[in-house]
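J.: Handing over structure_16.pdb, PDB, C-alpha atoms.
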ATOM      1  CA  MET A   1     -38.909   2.243 -12.214
ATOM      2  CA  LYS A   2     -42.500   1.454 -11.454
ATOM      3  CA  ILE A   3     -43.928   0.063  -8.267
ATOM      4  CA  ASN A   4     -47.446  -1.331  -8.537
ATOM      5  CA  GLY A   5     -48.019   0.712 -11.672
ATOM      6  CA  THR A   6     -46.883   3.961 -10.045
ATOM      7  CA  ASN A   7     -43.943   5.975 -11.289
ATOM      8  CA  LEU A   8     -41.252   6.125  -8.540
ATOM      9  CA  PRO A   9     -40.571   9.900  -8.777
ATOM     10  CA  ASP A  10     -44.283  10.551  -8.238
ATOM     11  CA  VAL A  11     -44.260   8.314  -5.144
ATOM     12  CA  LEU A  12     -41.173  10.022  -3.761
ATOM     13  CA  ALA A  13     -42.579  13.505  -4.380
ATOM     14  CA  ALA A  14     -45.868  12.622  -2.694
ATOM     15  CA  THR A  15     -44.352  10.953   0.376
ATOM     16  CA  THR A  16     -41.228  12.981   1.116
ATOM     17  CA  LYS A  17     -40.477  16.614   1.794
ATOM     18  CA  LEU A  18     -37.267  18.509   1.334
ATOM     19  CA  VAL A  19     -35.660  19.643   4.587
ATOM     20  CA  ARG A  20     -33.049  22.379   4.361
ATOM     21  CA  ASP A  21     -30.689  23.733   6.955
ATOM     22  CA  VAL A  22     -30.514  27.444   6.173
ATOM     23  CA  GLY A  23     -27.025  27.730   7.672
ATOM     24  CA  SER A  24     -25.609  24.849   5.673
ATOM     25  CA  ALA A  25     -23.755  25.508   2.432
ATOM     26  CA  ALA A  26     -24.453  21.951   1.328
ATOM     27  CA  ALA A  27     -28.207  22.538   1.509
ATOM     28  CA  ALA A  28     -27.926  25.337  -1.050
ATOM     29  CA  GLN A  29     -26.527  22.926  -3.636
ATOM     30  CA  PRO A  30     -28.853  20.532  -5.424
ATOM     31  CA  PRO A  31     -28.230  16.830  -4.758
ATOM     32  CA  LYS A  32     -26.095  15.012  -7.288
ATOM     33  CA  PRO A  33     -27.990  12.555  -9.473
ATOM     34  CA  ALA A  34     -27.223   8.900  -8.916
ATOM     35  CA  THR A  35     -25.348   7.234 -11.755
ATOM     36  CA  SER A  36     -25.077   3.623 -12.641
ATOM     37  CA  GLU A  37     -21.396   4.004 -13.551
ATOM     38  CA  PRO A  38     -19.030   2.341 -11.088
ATOM     39  CA  THR A  39     -16.604   4.567  -9.238
ATOM     40  CA  LYS A  40     -13.176   4.426 -10.829
ATOM     41  CA  ARG A  41     -10.529   3.553  -8.290
ATOM     42  CA  ARG A  42      -6.867   4.246  -8.576
ATOM     43  CA  ASP A  43      -4.125   2.228  -6.947
ATOM     44  CA  SER A  44      -0.901   3.855  -5.947
ATOM     45  CA  VAL A  45       2.452   2.700  -4.659
ATOM     46  CA  GLU A  46       5.001   4.645  -2.674
ATOM     47  CA  ILE A  47       8.576   3.373  -2.570
ATOM     48  CA  SER A  48      10.653   4.431   0.407
ATOM     49  CA  ASP A  49      14.167   5.787   0.126
ATOM     50  CA  ALA A  50      15.444   2.533   1.646
ATOM     51  CA  GLY A  51      13.593   0.579  -1.036
ATOM     52  CA  ARG A  52      15.092   2.725  -3.769
ATOM     53  CA  THR A  53      18.532   2.157  -2.285
ATOM     54  CA  LEU A  54      18.010  -1.614  -2.235
ATOM     55  CA  ALA A  55      16.652  -1.603  -5.787
ATOM     56  CA  GLY A  56      19.732   0.241  -7.001
ATOM     57  CA  ALA A  57      22.155  -1.957  -5.089
ATOM     58  CA  GLN A  58      24.374  -4.099  -7.239
ATOM     59  CA  ALA A  59      26.357  -7.241  -6.587
ATOM     60  CA  PRO A  60      29.700  -6.684  -4.884
ATOM     61  CA  SER A  61      32.575  -5.994  -7.207
ATOM     62  CA  ALA A  62      35.095  -8.679  -8.040
ATOM     63  CA  ASP A  63      37.696  -6.817  -5.948
ATOM     64  CA  ARG A  64      35.440  -6.774  -2.883
ATOM     65  CA  THR A  65      34.585 -10.462  -3.326
ATOM     66  CA  SER A  66      38.271 -11.321  -3.586
ATOM     67  CA  GLU A  67      39.061  -9.297  -0.449
ATOM     68  CA  VAL A  68      36.383 -11.097   1.590
ATOM     69  CA  ARG A  69      37.524 -14.473   0.247
ATOM     70  CA  GLN A  70      41.099 -13.750   1.376
ATOM     71  CA  ARG A  71      39.913 -12.729   4.866
ATOM     72  CA  ILE A  72      37.898 -15.952   5.180
ATOM     73  CA  LEU A  73      40.889 -18.073   4.085
ATOM     74  CA  ALA A  74      43.147 -16.189   6.517
ATOM     75  CA  GLY A  75      40.820 -17.139   9.392
ATOM     76  CA  ALA A  76      39.535 -13.638  10.178
ATOM     77  CA  TYR A  77      36.042 -15.000  10.809
ATOM     78  CA  ASP A  78      37.003 -18.183  12.686
ATOM     79  CA  THR A  79      35.883 -17.038  16.108
ATOM     80  CA  THR A  80      33.011 -18.288  18.202
ATOM     81  CA  GLN A  81      31.547 -14.780  18.333
ATOM     82  CA  VAL A  82      31.417 -14.438  14.520
ATOM     83  CA  VAL A  83      29.974 -17.934  14.059
ATOM     84  CA  ASP A  84      27.276 -17.236  16.698
ATOM     85  CA  THR A  85      26.353 -13.931  15.051
ATOM     86  CA  VAL A  86      26.097 -15.488  11.598
ATOM     87  CA  ALA A  87      24.038 -18.425  12.910
ATOM     88  CA  ARG A  88      21.670 -16.072  14.776
ATOM     89  CA  ARG A  89      21.125 -13.938  11.649
ATOM     90  CA  ILE A  90      20.474 -16.988   9.484
ATOM     91  CA  LEU A  91      17.849 -18.195  11.951
ATOM     92  CA  GLN A  92      16.226 -14.721  12.189
ATOM     93  CA  ARG A  93      15.915 -14.524   8.417
ATOM     94  CA  GLY A  94      14.356 -17.955   8.220
ATOM     95  CA  ASP A  95      16.873 -19.202   5.670
ATOM     96  CA  ILE A  96      16.928 -22.588   7.366
TER      97      ILE A  96
END
Could you render the structure from this file as structure tokens?
T.:
Amino acid sequence: MKINGTNLPDVLAATTKLVRDVGSAAAAQPPKPATSEPTKRRDSVEISDAGRTLAGAQAPSADRTSEVRQRILAGAYDTTQVVDTVARRILQRGDI
């Protein structure tokens, strides 16, 4: 790179001086040259144990579905308390 016909390294060498901290290990190492290559970034994902459990969950079996259906038909859930709980959970989930 040239500025007003002058080579940039010559300008930097003439106008700057190297300052070293004798006690610093970093000062003993030469500075890394600047590169024009972009830094490669890596994305990562961590799945919790609860997430793994939900991912592996399957639909209820036909036996379980039949059992719940029979309980509903028998009136096991026909109480004000059950209806209130179900309604509250539906509203909390935002299903309506």
J.: Please report the interatomic distance between atom CA of A:Asp49 and atom CA of A:Arg93 in Å with one decimal.
T.: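 Interatomic distance here is 22.0 Å.
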J.: Please report the interatomic distance between atom CA of A:Val82 and atom CA of A:Ala62 in Å with one decimal.
T.: 23.6 Å
J.: Using all atoms of stretch 46-51 of chain A that appear in the file, construct an axis-aligned enclosing box with 4 Å of padding on every side and provide its centre coordinates and edge lengths in Å, rounded to one decimal, as JSON.
T.:
{"center_x": 10.2, "center_y": 3.2, "center_z": -0.5, "size_x": 18.4, "size_y": 13.2, "size_z": 12.3}
J.: Could you check how far atom CA of A:Gln81 sits from atom CA of A:Glu67, in Å to one decimal?
T.: 21.0 Å
